[in-house]
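*Asks:* Dropping a structure here in structure tokens format, bear with me for questions.
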Amino acid sequence: MPGQPLIRTPSGVLVPAGIDPFHRTLHHVAPSGLLGRTGQTSGMTRLEAVSGKTVGSSGLWMGETHVAASTASGNHHHGASETAIYVVSGHPAFVFLDVEGDEPVEHRIETSPGDYVFVPPFVPHREENPDPGAEAVVVIARTTQEAIVVNLDGLDWSEVEIR
């Protein structure tokens, strides 16, 4: 930032004066540092990696989700948060309702390692792992700093409150 006063950190690095000490360095989160104290849905486990709690982020949440073999998560949505999903292992299916004609129809997005899935805000969905022998693991990133999870009874929009 041209013209902005610089200060020297204890290690001797010059940084703009308005940057707080916590945001001057990169933060490493090893697998052993993932937190399980986040919103959960039945049938899956969410682990928090990058968040306000772990690295002080203010606008980003990132972590991973595990779905055991032959398991489906409960129905849920992520509030106003956009969610990006990257499939690490397994072949999870993402299930949601869409309208064909006047009737809602259940749709499945079948995935493989390396695939990406985008979940828009408030869309009810669930994750299924049809593989009888292997866990499905995905990395998730959200546009909100917290992992918003609203568990639902069904996939329809009747329980969704948009605020």
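Naming works like this for the structure tokens: A, B, ... for the chains as they're shown, residue 1 at the start of each chain, ligands 1 onward in shown order.
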If DSSP is run on the backbone, what residues of region 2-102 of chain A are strand (DSSP E or B)? A reply as a compact mmCIF listing (two decimals) with N, CA and C atoms, in the first residue's frame would be ideal.
*Replies:*
# COMPACT_ATOMS: atom_id res chain seq x y z
N LEU A 6 4.90 2.14 7.61
CA LEU A 6 5.30 0.76 7.86
C LEU A 6 5.85 0.63 9.27
N ILE A 7 5.64 -0.53 9.85
CA ILE A 7 6.24 -0.84 11.15
C ILE A 7 7.07 -2.10 11.00
N ARG A 8 8.01 -2.28 11.89
CA ARG A 8 8.87 -3.45 11.83
C ARG A 8 8.38 -4.46 12.87
N LEU A 14 9.02 -5.57 7.57
CA LEU A 14 8.24 -4.33 7.48
C LEU A 14 6.85 -4.65 6.97
N VAL A 15 5.83 -4.20 7.70
CA VAL A 15 4.43 -4.42 7.31
C VAL A 15 3.66 -3.11 7.48
N PRO A 16 2.53 -2.95 6.74
CA PRO A 16 1.71 -1.76 6.94
C PRO A 16 1.25 -1.65 8.39
N LEU A 35 -10.81 -29.31 14.21
CA LEU A 35 -11.76 -29.28 15.33
C LEU A 35 -13.07 -29.93 14.93
N THR A 45 -19.55 -36.45 9.67
CA THR A 45 -18.74 -35.72 10.64
C THR A 45 -18.06 -34.56 9.93
N ARG A 46 -18.25 -33.34 10.46
CA ARG A 46 -17.59 -32.17 9.92
C ARG A 46 -16.41 -31.81 10.82
N LEU A 47 -15.29 -31.50 10.18
CA LEU A 47 -14.09 -31.07 10.90
C LEU A 47 -13.68 -29.70 10.39
N GLU A 48 -13.39 -28.82 11.31
CA GLU A 48 -13.08 -27.42 11.01
C GLU A 48 -11.56 -27.25 10.89
N ALA A 49 -11.12 -26.64 9.80
CA ALA A 49 -9.69 -26.42 9.59
C ALA A 49 -9.35 -24.93 9.61
N VAL A 50 -9.96 -24.16 8.73
CA VAL A 50 -9.70 -22.73 8.64
C VAL A 50 -10.96 -21.99 9.05
N TRP A 61 -14.63 -20.04 5.93
CA TRP A 61 -14.65 -21.27 6.71
C TRP A 61 -14.28 -22.40 5.77
N MET A 62 -13.39 -23.28 6.22
CA MET A 62 -12.97 -24.41 5.40
C MET A 62 -12.72 -25.60 6.30
N GLY A 63 -13.10 -26.76 5.81
CA GLY A 63 -12.89 -27.97 6.59
C GLY A 63 -13.14 -29.18 5.74
N GLU A 64 -13.45 -30.29 6.40
CA GLU A 64 -13.72 -31.51 5.66
C GLU A 64 -14.90 -32.23 6.28
N THR A 65 -15.51 -33.08 5.46
CA THR A 65 -16.65 -33.88 5.89
C THR A 65 -16.36 -35.33 5.58
N HIS A 66 -16.72 -36.19 6.51
CA HIS A 66 -16.55 -37.64 6.36
C HIS A 66 -17.92 -38.31 6.44
N VAL A 67 -18.22 -39.17 5.47
CA VAL A 67 -19.45 -39.96 5.51
C VAL A 67 -19.03 -41.43 5.42
N THR A 71 -23.75 -44.99 4.15
CA THR A 71 -24.41 -44.06 5.07
C THR A 71 -24.91 -42.84 4.30
N ALA A 72 -26.02 -42.28 4.77
CA ALA A 72 -26.53 -41.02 4.23
C ALA A 72 -26.62 -40.02 5.37
N ASN A 75 -30.88 -34.52 6.17
CA ASN A 75 -31.16 -33.38 5.29
C ASN A 75 -30.78 -32.09 6.02
N HIS A 76 -30.22 -31.14 5.28
CA HIS A 76 -29.78 -29.90 5.90
C HIS A 76 -29.55 -28.83 4.84
N HIS A 77 -29.32 -27.59 5.30
CA HIS A 77 -28.84 -26.52 4.42
C HIS A 77 -27.85 -25.67 5.20
N THR A 83 -21.49 -22.82 -0.55
CA THR A 83 -20.58 -23.90 -0.18
C THR A 83 -19.96 -24.50 -1.42
N ALA A 84 -18.64 -24.62 -1.41
CA ALA A 84 -17.91 -25.30 -2.48
C ALA A 84 -17.37 -26.60 -1.90
N ILE A 85 -17.50 -27.67 -2.67
CA ILE A 85 -17.10 -29.00 -2.22
C ILE A 85 -16.10 -29.58 -3.20
N TYR A 86 -15.04 -30.18 -2.68
CA TYR A 86 -14.06 -30.88 -3.49
C TYR A 86 -14.01 -32.32 -2.97
N VAL A 87 -14.23 -33.28 -3.86
CA VAL A 87 -14.25 -34.69 -3.46
C VAL A 87 -12.82 -35.21 -3.40
N VAL A 88 -12.40 -35.63 -2.21
CA VAL A 88 -11.06 -36.16 -1.99
C VAL A 88 -11.02 -37.66 -2.24
N SER A 89 -11.98 -38.37 -1.64
CA SER A 89 -12.01 -39.83 -1.80
C SER A 89 -13.44 -40.34 -1.73
N ALA A 93 -22.70 -39.02 -3.25
CA ALA A 93 -23.78 -38.46 -4.06
C ALA A 93 -24.41 -37.32 -3.27
N PHE A 94 -24.72 -36.23 -3.96
CA PHE A 94 -25.36 -35.07 -3.34
C PHE A 94 -26.79 -35.03 -3.86
N VAL A 95 -27.75 -35.05 -2.94
CA VAL A 95 -29.16 -35.22 -3.28
C VAL A 95 -29.93 -33.96 -2.91
N PHE A 96 -30.79 -33.50 -3.84
CA PHE A 96 -31.60 -32.32 -3.62
C PHE A 96 -32.88 -32.45 -4.44
N LEU A 97 -33.85 -31.57 -4.18
CA LEU A 97 -35.09 -31.55 -4.97
C LEU A 97 -35.02 -30.45 -6.00
N ASP A 98 -35.54 -30.75 -7.19
CA ASP A 98 -35.70 -29.74 -8.23
C ASP A 98 -37.10 -29.92 -8.79
N VAL A 99 -37.59 -28.94 -9.47
CA VAL A 99 -38.96 -29.00 -9.98
C VAL A 99 -38.93 -29.37 -11.46
N GLU A 100 -39.69 -30.39 -11.82
CA GLU A 100 -39.89 -30.76 -13.22
C GLU A 100 -41.40 -30.69 -13.45
*Asks:* Mind the document's chain letters and residue numbers, and return as a PyMOL selection string the residues of region 11-132 of chain A that DSSP labels helix (DSSP H, G or I).
*Replies:* chain A and resi 21-24+31-33+52-55
*Asks:* Can you pull out every residue within 7 Å of region 144-156 of chain A, counting only C-alpha atoms, but drop anything in the same chain fewer than 5 positions away, and send it as an MDAnalysis selection string?
*Replies:* chainID A and resid 38:41 51:52 57:61 75:79 81 96:97 124:125
*Asks:* Save out the residues we just selected, N, CA and C atoms, as a PDB file, in the first residue's frame.
*Replies:*
ATOM      1  N   THR A  38     -18.142 -28.179  15.681  1.00  0.00           N
ATOM      2  CA  THR A  38     -18.822 -27.341  14.703  1.00  0.00           C
ATOM      3  C   THR A  38     -20.203 -27.923  14.483  1.00  0.00           C
ATOM      4  N   GLY A  39     -21.058 -27.226  13.721  1.00  0.00           N
ATOM      5  CA  GLY A  39     -22.382 -27.741  13.429  1.00  0.00           C
ATOM      6  C   GLY A  39     -22.288 -29.128  12.802  1.00  0.00           C
ATOM      7  N   GLN A  40     -23.109 -30.041  13.260  1.00  0.00           N
ATOM      8  CA  GLN A  40     -23.069 -31.422  12.778  1.00  0.00           C
ATOM      9  C   GLN A  40     -24.447 -31.832  12.256  1.00  0.00           C
ATOM     10  N   THR A  41     -24.441 -32.822  11.384  1.00  0.00           N
ATOM     11  CA  THR A  41     -25.644 -33.418  10.821  1.00  0.00           C
ATOM     12  C   THR A  41     -25.506 -34.921  10.988  1.00  0.00           C
ATOM     13  N   SER A  51     -10.849 -21.209  10.125  1.00  0.00           N
ATOM     14  CA  SER A  51     -12.014 -20.472  10.634  1.00  0.00           C
ATOM     15  C   SER A  51     -11.515 -19.398  11.589  1.00  0.00           C
ATOM     16  N   GLY A  52     -12.431 -18.663  12.153  1.00  0.00           N
ATOM     17  CA  GLY A  52     -12.054 -17.692  13.169  1.00  0.00           C
ATOM     18  C   GLY A  52     -11.440 -18.363  14.380  1.00  0.00           C
ATOM     19  N   SER A  57      -9.606 -16.238  10.809  1.00  0.00           N
ATOM     20  CA  SER A  57     -10.221 -15.734   9.575  1.00  0.00           C
ATOM     21  C   SER A  57     -11.521 -15.010   9.911  1.00  0.00           C
ATOM     22  N   SER A  58     -11.873 -14.047   9.077  1.00  0.00           N
ATOM     23  CA  SER A  58     -13.095 -13.278   9.345  1.00  0.00           C
ATOM     24  C   SER A  58     -14.161 -13.491   8.282  1.00  0.00           C
ATOM     25  N   GLY A  59     -13.831 -14.083   7.144  1.00  0.00           N
ATOM     26  CA  GLY A  59     -14.824 -14.240   6.090  1.00  0.00           C
ATOM     27  C   GLY A  59     -14.768 -15.585   5.394  1.00  0.00           C
ATOM     28  N   LEU A  60     -14.081 -16.552   5.987  1.00  0.00           N
ATOM     29  CA  LEU A  60     -13.903 -17.833   5.314  1.00  0.00           C
ATOM     30  C   LEU A  60     -13.982 -18.962   6.322  1.00  0.00           C
ATOM     31  N   TRP A  61     -14.631 -20.044   5.926  1.00  0.00           N
ATOM     32  CA  TRP A  61     -14.655 -21.274   6.712  1.00  0.00           C
ATOM     33  C   TRP A  61     -14.277 -22.400   5.767  1.00  0.00           C
ATOM     34  N   ASN A  75     -30.878 -34.517   6.171  1.00  0.00           N
ATOM     35  CA  ASN A  75     -31.162 -33.382   5.288  1.00  0.00           C
ATOM     36  C   ASN A  75     -30.777 -32.095   6.020  1.00  0.00           C
ATOM     37  N   HIS A  76     -30.223 -31.135   5.281  1.00  0.00           N
ATOM     38  CA  HIS A  76     -29.777 -29.898   5.902  1.00  0.00           C
ATOM     39  C   HIS A  76     -29.547 -28.827   4.843  1.00  0.00           C
ATOM     40  N   HIS A  77     -29.319 -27.585   5.302  1.00  0.00           N
ATOM     41  CA  HIS A  77     -28.843 -26.517   4.418  1.00  0.00           C
ATOM     42  C   HIS A  77     -27.848 -25.674   5.200  1.00  0.00           C
ATOM     43  N   HIS A  78     -27.204 -24.725   4.515  1.00  0.00           N
ATOM     44  CA  HIS A  78     -26.136 -23.940   5.129  1.00  0.00           C
ATOM     45  C   HIS A  78     -26.460 -22.453   5.180  1.00  0.00           C
ATOM     46  N   GLY A  79     -27.753 -22.134   5.358  1.00  0.00           N
ATOM     47  CA  GLY A  79     -28.152 -20.740   5.508  1.00  0.00           C
ATOM     48  C   GLY A  79     -27.704 -19.893   4.334  1.00  0.00           C
ATOM     49  N   SER A  81     -24.871 -19.085   3.427  1.00  0.00           N
ATOM     50  CA  SER A  81     -23.524 -19.413   2.967  1.00  0.00           C
ATOM     51  C   SER A  81     -23.527 -20.175   1.647  1.00  0.00           C
ATOM     52  N   PHE A  96     -30.785 -33.499  -3.843  1.00  0.00           N
ATOM     53  CA  PHE A  96     -31.600 -32.316  -3.615  1.00  0.00           C
ATOM     54  C   PHE A  96     -32.878 -32.453  -4.440  1.00  0.00           C
ATOM     55  N   LEU A  97     -33.854 -31.573  -4.184  1.00  0.00           N
ATOM     56  CA  LEU A  97     -35.091 -31.553  -4.966  1.00  0.00           C
ATOM     57  C   LEU A  97     -35.023 -30.449  -6.000  1.00  0.00           C
ATOM     58  N   PRO A 124     -31.841 -27.093   0.466  1.00  0.00           N
ATOM     59  CA  PRO A 124     -31.861 -28.333   1.231  1.00  0.00           C
ATOM     60  C   PRO A 124     -31.205 -29.459   0.430  1.00  0.00           C
ATOM     61  N   HIS A 125     -30.375 -30.242   1.103  1.00  0.00           N
ATOM     62  CA  HIS A 125     -29.666 -31.331   0.434  1.00  0.00           C
ATOM     63  C   HIS A 125     -29.197 -32.343   1.475  1.00  0.00           C
TER      64      HIS A 125
END
*Asks:* Hey, which of A:Ala80, A:Val105, A:Val160, A:Ala69 ends up closest to Glu128 (chain A)? Count only C-alpha atoms.
*Replies:*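 Counting only C-alpha atoms, the residue closest to Glu128 (chain A) is A:Ala69.
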*Asks:* Tell me, in Å to one decimal, how far CA of Glu127 (chain A) is from CA of His91 (chain A).
*Replies:*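 Here the two named atoms are 10.3 Å from each other.
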*Asks:* Compare A:Val55, A:Val119, A:Val13, A:Met44 by their minimum atom-to-atom distance to Thr143 (chain A), counting only C-alpha atoms, and give me the closest one.
*Replies:*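 Counting only C-alpha atoms, the residue closest to Thr143 (chain A) is A:Val119.
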*Asks:* Could you please determine the separation between CA of Lys53 (chain A) and CA of Arg163 (chain A) in Å, to one decimal place?
*Replies:* 24.4 Å
